[in-house]
Amino acid sequence: MIKVEGLTKRYARTVAVDNISFEVEKGQIVGFLGPNGAGKTTTMRVLTCFLPPTSGKATVAGFDVLENPMEVKKRIGYLPETPPLYPEMEVVEYLKFVAKLKGIASSDVGRRVDEVMERCSVADVRSKLISKLSKGYRQRVGLAQAIIHNPDVLILDEPTSGLDPKQIIETRELIHSLAGDHTIILSTHILSEVEHSCERVIIISQGKLVAIDSVANLTARLRGSEAVSVELEVSGGRPNPTEVQQRLETVSGVSRVMMKDSRDSKLVFEVESLQGRHIRADLARTVVNSGWNLSELRSVGLSLEDIFLQLTAGEQKEADVKEVQGATV
Amino acid sequence: MRSVLLICRKELNAYFASPIAYLLMAFFALIFGFVLFNATRDFIRFSFQMQFQGGGAPMSINDQIITPLLGFSSTITLFLVPMITMRLFAEEKRSGTIELLLTSPISDLQIILGKWLGAMLLFLCILAMSMINIALLFAWGKPDLKPVLVAYLGLLLQGGCLLAIGAFISSLTKNQIIAGGVTFFVCLLLWLLSWATANDTGALSQVVNYLSIVTHFDNFSKGVLESKDVIFYLSMIFFSLFITSRAMESLRWRS
């Protein structure tokens with residue numbers, strides 16, 4: 001549904017987005033994760049045709065954002081970080097305006113407005129001035145505005161920022177209920193947000209893509225299952241890697257064994273446990289009982305926060321090093 | 001066209017949802033009424049004198065009241081325009097609603113045209129306040145209708161021109177005060193330049209005089225409809241709206 005290839009956006013002095021590529025399938029909810037200033041908003045603005053990319057390609061539903069912006073705009077619903085509301089309008093008046101702006105036929109406007117007001121539960125403030133609405137209501141009117149023309153793709157920039165916990169839960173549920181018929185990209189810098197709402201995560205930092213993974217993979221680690229790295233000494237071609245792999249798989253509580261590294265002197269495996277199982281002791285016993293030389297056994301299980309921090313901080317360090325090098329040269 | 005009218009209606013509603021529209025209309029009605037009162041009083045005093053003493057040139061409401069009055073209105077326009085146009089784009093850029101407009105399936109040109117048309121309609125409403133006074137003159141006197149209509153057309157064209165320039169300036173900033181201030185300065189400059197160059201015959205002065213928008217109103221105020229003035233105004237409006245669309249385009253590439 002959405003395809004981004006080698007996307008770069010450069011401002012006068014900074015590179016906001018640097019050579020990002022990803023794809024989003026139809027009907028998926030994708031979380032766009034990154035610290036503030038990572039380039040989330042810029043990427044979203046390129047996808048919504050608000051900003052043209054400096055280089056690279058972005059297509060939505062097969063239409064290029066540069067060549068066919070009108071077709072892209074028709075298929076996209078966008079909620080910017082601050083909901084684009086006119087304070088002097090009433091809620092219903094505003095939604096009618098947006099509906100017409102998005103090209104809905106006049107005869108359908110009333111029906112659509114009623115529908116989205118029901119869906120985003122703002123019907124009770126329909127004839128209130130937007131300037132009088134609370135932050136939570138404004139956010140929901142913003143969401144109503146984004147879905148009013150029933151777009152294929154929904155792009156939500158920090159949809160839950162500034163809401164109270166109850167409103168956050170309601171907004172999440174609303175986003176979930178929209179997932180079936182819409183492809184959704186939502187950005188956030190709150191990790192639990194992604195865990196609750198998204199199927200896949202795209203992590204970016206400093207304009208660079210750091211990771212794309214399914215939330216299941218990431219949260220599996222978060223929810224107490226652990227990954228253990230097992231390193232064995234190898235001498236004279238023994239032990240045999242496949243033999244080790246099979247033996248490790250029989251240990252109780254193990255869900256998956258992956259060979260990470262096999263050089264002539266060592267073998268490294270990564271073993272993942274089932275949820276809530278501690279497998280390190282059993283692993284050590286199995287290895288030693290088999291007569292192999294265990295050289296290292298180490299937990300590599302990381303929380304989503306850890307993964308996130310590691311991924312983004314790594315980038316930071318690299319950049320710092322480069323800067324220092326540049327300065328000394 | 002539907003989108004243009006949609007934006008236009010939204011702008012007009014925004015003007016009337018805030019005190020700004022009423023304030024400008026009241027401001028204009030007050031000043032126009034005051035000036036008309038003075039002009040009419042002088043006219044009547046003068047005509048009494050003529051009755052008793054006899055002689056003098058023939059009196060005409062058109063020449064002695066309406067022409068100077070509408071000429072004066074053209075100057076007032078210079079003060080009104082910045083207050084109308086300052087919010088056009090600056091406000092949308094500041095509040096972020098410009099993102100809604102630019103990510104909706106309508107073109108930049110439709111947005112600009114809609115906004116300009118909205119500003120024009122408000123300007124028309126403001127001018128309409130003066131028509132009450134003019135109607136009074138028609139009720140008690142017998143002025144010529146045609147030159148009045150021509151002068152109003154001139155006011156509209158000149159207003160449209162300045163509004164388009166104001167819209168352009170508003171599209172360059174997110175700060176309404178700056179947009180209004182700069183527009184006011186530009187209007188003032190045009191006025192001063194038309195003065196300064198009026199009696200100068202140098203080539204540069206002539207060009208500046210020609211380009212300073214207000215000079216083209218002179219013919220209109222005398223009730224003379226010249227196609228060169230109409231064409232000048234229309235092309236200025238077109239040009240200003242065109243550079244506004246260029247400014248919006250560059251906003252996308254730069255911001």
# chains A, B, ... in the order shown; residues from 1 in each chain; ligands from 1
>>> interface_residues(of="chain A", to="chain B", cutoff="6 Å", atoms="only C-alpha atoms", output="PDB file with C-alpha atoms, in the first residue's frame")
ATOM      1  CA  THR A  48       0.961  13.205   2.630  1.00  0.00           C
ATOM      2  CA  PHE A  50       2.886  18.276   2.200  1.00  0.00           C
ATOM      3  CA  LEU A  51       6.625  18.250   1.560  1.00  0.00           C
ATOM      4  CA  MET A  70      -3.985  14.630  -6.185  1.00  0.00           C
ATOM      5  CA  LYS A  73      -4.210  13.085  -1.304  1.00  0.00           C
ATOM      6  CA  LYS A  74      -7.600  11.543  -2.105  1.00  0.00           C
ATOM      7  CA  PRO A  84      -5.643  21.277  12.161  1.00  0.00           C
ATOM      8  CA  LYS A 102     -11.941  16.128   0.619  1.00  0.00           C
TER       9      LYS A 102
END
>>> residues_around(residues="A:Gly6", least_positions_apart="2", cutoff="9 Å", atoms="only C-alpha atoms", output="NGL selection string")
:A and (4 or 8 or 18-22 or 55-58)
>>> residues_around(residues="stretch 200-214 of chain B", least_positions_apart="3", cutoff="10 Å", atoms="only C-alpha atoms", output="PyMOL selection string")
chain B and resi 71+74-75+78+154-155+158-159+161-162+187+189-197+217-218+229+232-233+236
>>> residues_around(residues="stretch 174-185 of chain A", least_positions_apart="2", cutoff="6 Å", atoms="only C-alpha atoms", output="number ranges by chain")
A: 26-31, 152-155, 171-172
>>> atom_distance(atom1="atom CA of A:Leu274", atom2="atom CA of A:Ala227")
9.5 Å
>>> residues_around(residues="B:Ser250", least_positions_apart="5", cutoff="12 Å", atoms="only C-alpha atoms", output="ChimeraX atom specification")
/A:50-52 /B:108,171-172,243-245,255
>>> residues_around(residues="stretch 54-69 of chain B", least_positions_apart="4", cutoff="7 Å", atoms="only C-alpha atoms", output="list in words")
Leu36, Ala39, Thr40, Met50, Ser73, Pro143, Asp144, Ser221 and Lys222 of chain B
>>> residues_around(residues="stretch 262-273 of chain A", least_positions_apart="4", cutoff="12 Å", atoms="only C-alpha atoms", output="PyMOL selection string")
chain A and resi 217+220-221+223-258+277-280+282-284+287+292-302
>>> write_last_selection(atoms="C-alpha atoms", output="mmCIF file, in the first residue's frame")
data_model
loop_
_atom_site.group_PDB
_atom_site.id
_atom_site.type_symbol
_atom_site.label_atom_id
_atom_site.label_comp_id
_atom_site.auth_asym_id
_atom_site.auth_seq_id
_atom_site.Cartn_x
_atom_site.Cartn_y
_atom_site.Cartn_z
ATOM 1 C CA ASN A 217 9.185 -10.212 17.994
ATOM 2 C CA ALA A 220 8.261 -11.313 23.080
ATOM 3 C CA ARG A 221 11.500 -10.132 24.561
ATOM 4 C CA ARG A 223 7.403 -9.948 28.233
ATOM 5 C CA GLY A 224 10.056 -11.882 30.133
ATOM 6 C CA SER A 225 11.072 -14.505 27.660
ATOM 7 C CA GLU A 226 14.806 -14.405 27.330
ATOM 8 C CA ALA A 227 17.347 -14.903 24.645
ATOM 9 C CA VAL A 228 20.609 -16.556 25.659
ATOM 10 C CA SER A 229 23.790 -16.557 23.721
ATOM 11 C CA VAL A 230 25.747 -19.812 24.097
ATOM 12 C CA GLU A 231 29.345 -19.955 22.981
ATOM 13 C CA LEU A 232 31.241 -23.250 22.712
ATOM 14 C CA GLU A 233 34.902 -23.924 22.156
ATOM 15 C CA VAL A 234 35.618 -26.036 19.113
ATOM 16 C CA SER A 235 38.643 -28.209 18.692
ATOM 17 C CA GLY A 236 39.311 -30.573 15.813
ATOM 18 C CA GLY A 237 35.893 -30.101 14.206
ATOM 19 C CA ARG A 238 34.072 -31.224 17.338
ATOM 20 C CA PRO A 239 31.410 -30.691 18.446
ATOM 21 C CA ASN A 240 29.324 -30.862 15.290
ATOM 22 C CA PRO A 241 27.065 -27.771 14.933
ATOM 23 C CA THR A 242 23.929 -29.672 13.934
ATOM 24 C CA GLU A 243 24.391 -32.046 16.831
ATOM 25 C CA VAL A 244 24.658 -29.126 19.247
ATOM 26 C CA GLN A 245 21.617 -27.487 17.776
ATOM 27 C CA GLN A 246 19.533 -30.628 18.117
ATOM 28 C CA ARG A 247 20.710 -31.212 21.679
ATOM 29 C CA LEU A 248 19.921 -27.617 22.716
ATOM 30 C CA GLU A 249 16.447 -27.844 21.218
ATOM 31 C CA THR A 250 15.616 -30.695 23.554
ATOM 32 C CA VAL A 251 16.219 -28.598 26.648
ATOM 33 C CA SER A 252 12.887 -27.890 28.312
ATOM 34 C CA GLY A 253 11.592 -24.345 27.924
ATOM 35 C CA VAL A 254 13.491 -23.661 24.712
ATOM 36 C CA SER A 255 11.436 -22.309 21.839
ATOM 37 C CA ARG A 256 14.043 -21.657 19.182
ATOM 38 C CA VAL A 257 17.731 -22.193 18.562
ATOM 39 C CA MET A 258 19.612 -20.190 15.981
ATOM 40 C CA ARG A 277 11.001 -19.697 31.567
ATOM 41 C CA HIS A 278 14.546 -19.497 32.853
ATOM 42 C CA ILE A 279 16.703 -21.755 30.802
ATOM 43 C CA ARG A 280 20.253 -20.716 31.528
ATOM 44 C CA ASP A 282 19.473 -26.135 32.112
ATOM 45 C CA LEU A 283 21.432 -25.029 29.076
ATOM 46 C CA ALA A 284 24.692 -24.980 31.007
ATOM 47 C CA VAL A 287 26.332 -28.480 27.429
ATOM 48 C CA TRP A 292 31.510 -29.830 25.335
ATOM 49 C CA ASN A 293 33.540 -26.840 26.443
ATOM 50 C CA LEU A 294 31.268 -23.956 27.396
ATOM 51 C CA SER A 295 33.124 -20.672 27.011
ATOM 52 C CA GLU A 296 30.310 -18.199 27.475
ATOM 53 C CA LEU A 297 26.675 -18.132 28.477
ATOM 54 C CA ARG A 298 25.004 -14.761 28.469
ATOM 55 C CA SER A 299 21.514 -13.376 28.459
ATOM 56 C CA VAL A 300 20.828 -11.167 25.458
ATOM 57 C CA GLY A 301 17.146 -10.620 26.213
ATOM 58 C CA LEU A 302 16.355 -6.963 25.904
#
>>> closest_residue(among="B:Leu121, B:Phe238, B:Ile231, B:Phe79", to="B:Phe185", atoms="only C-alpha atoms")
B:Phe79
>>> closest_residue(among="B:Ala26, B:Ile84, B:Ile178, B:Ala198", to="B:Met120", atoms="only C-alpha atoms")
B:Ile84
>>> select_by_dssp(residues="stretch 22-198 of chain A", states="strand (DSSP E or B)", output="ChimeraX atom specification")
/A:22-24,29-33,55-60,63-64,76-79,90,129,153-157,183-188
>>> decode(residues="stretch 113-132 of chain B", atoms="N, CA and C atoms", output="tab-separated table (two decimals), in the first residue's frame")
chain	number	residue	atom	x	y	z
B	113	LEU	N	-7.09	31.39	-4.77
B	113	LEU	CA	-8.24	32.08	-5.36
B	113	LEU	C	-9.38	32.19	-4.35
B	114	GLY	N	-9.63	31.10	-3.64
B	114	GLY	CA	-10.71	31.10	-2.64
B	114	GLY	C	-10.48	32.15	-1.57
B	115	LYS	N	-9.25	32.21	-1.10
B	115	LYS	CA	-8.93	33.15	-0.04
B	115	LYS	C	-9.04	34.59	-0.54
B	116	TRP	N	-8.53	34.81	-1.74
B	116	TRP	CA	-8.59	36.16	-2.29
B	116	TRP	C	-10.04	36.59	-2.50
B	117	LEU	N	-10.84	35.65	-3.00
B	117	LEU	CA	-12.25	35.94	-3.25
B	117	LEU	C	-12.97	36.25	-1.93
B	118	GLY	N	-12.63	35.50	-0.89
B	118	GLY	CA	-13.22	35.77	0.43
B	118	GLY	C	-12.88	37.17	0.90
B	119	ALA	N	-11.60	37.55	0.73
B	119	ALA	CA	-11.17	38.89	1.13
B	119	ALA	C	-11.90	39.94	0.30
B	120	MET	N	-12.08	39.64	-1.00
B	120	MET	CA	-12.78	40.58	-1.89
B	120	MET	C	-14.22	40.80	-1.43
B	121	LEU	N	-14.87	39.70	-1.05
B	121	LEU	CA	-16.27	39.82	-0.64
B	121	LEU	C	-16.38	40.65	0.64
B	122	LEU	N	-15.43	40.46	1.56
B	122	LEU	CA	-15.46	41.28	2.78
B	122	LEU	C	-15.25	42.75	2.39
B	123	PHE	N	-14.32	42.98	1.47
B	123	PHE	CA	-14.05	44.34	1.02
B	123	PHE	C	-15.32	44.95	0.39
B	124	LEU	N	-16.03	44.12	-0.35
B	124	LEU	CA	-17.29	44.56	-0.96
B	124	LEU	C	-18.30	44.94	0.13
B	125	CYS	N	-18.37	44.11	1.18
B	125	CYS	CA	-19.28	44.42	2.29
B	125	CYS	C	-18.92	45.76	2.92
B	126	ILE	N	-17.61	46.00	3.06
B	126	ILE	CA	-17.17	47.27	3.65
B	126	ILE	C	-17.55	48.44	2.76
B	127	LEU	N	-17.30	48.27	1.45
B	127	LEU	CA	-17.66	49.34	0.52
B	127	LEU	C	-19.16	49.58	0.52
B	128	ALA	N	-19.92	48.49	0.72
B	128	ALA	CA	-21.38	48.60	0.68
B	128	ALA	C	-21.87	49.56	1.75
B	129	MET	N	-21.10	49.70	2.85
B	129	MET	CA	-21.50	50.64	3.90
B	129	MET	C	-21.63	52.05	3.34
B	130	SER	N	-20.75	52.36	2.37
B	130	SER	CA	-20.77	53.72	1.82
B	130	SER	C	-21.96	53.92	0.90
B	131	MET	N	-22.49	52.82	0.38
B	131	MET	CA	-23.59	52.95	-0.57
B	131	MET	C	-24.84	53.50	0.10
B	132	ILE	N	-24.96	53.27	1.42
B	132	ILE	CA	-26.09	53.83	2.14
B	132	ILE	C	-26.06	55.36	1.99
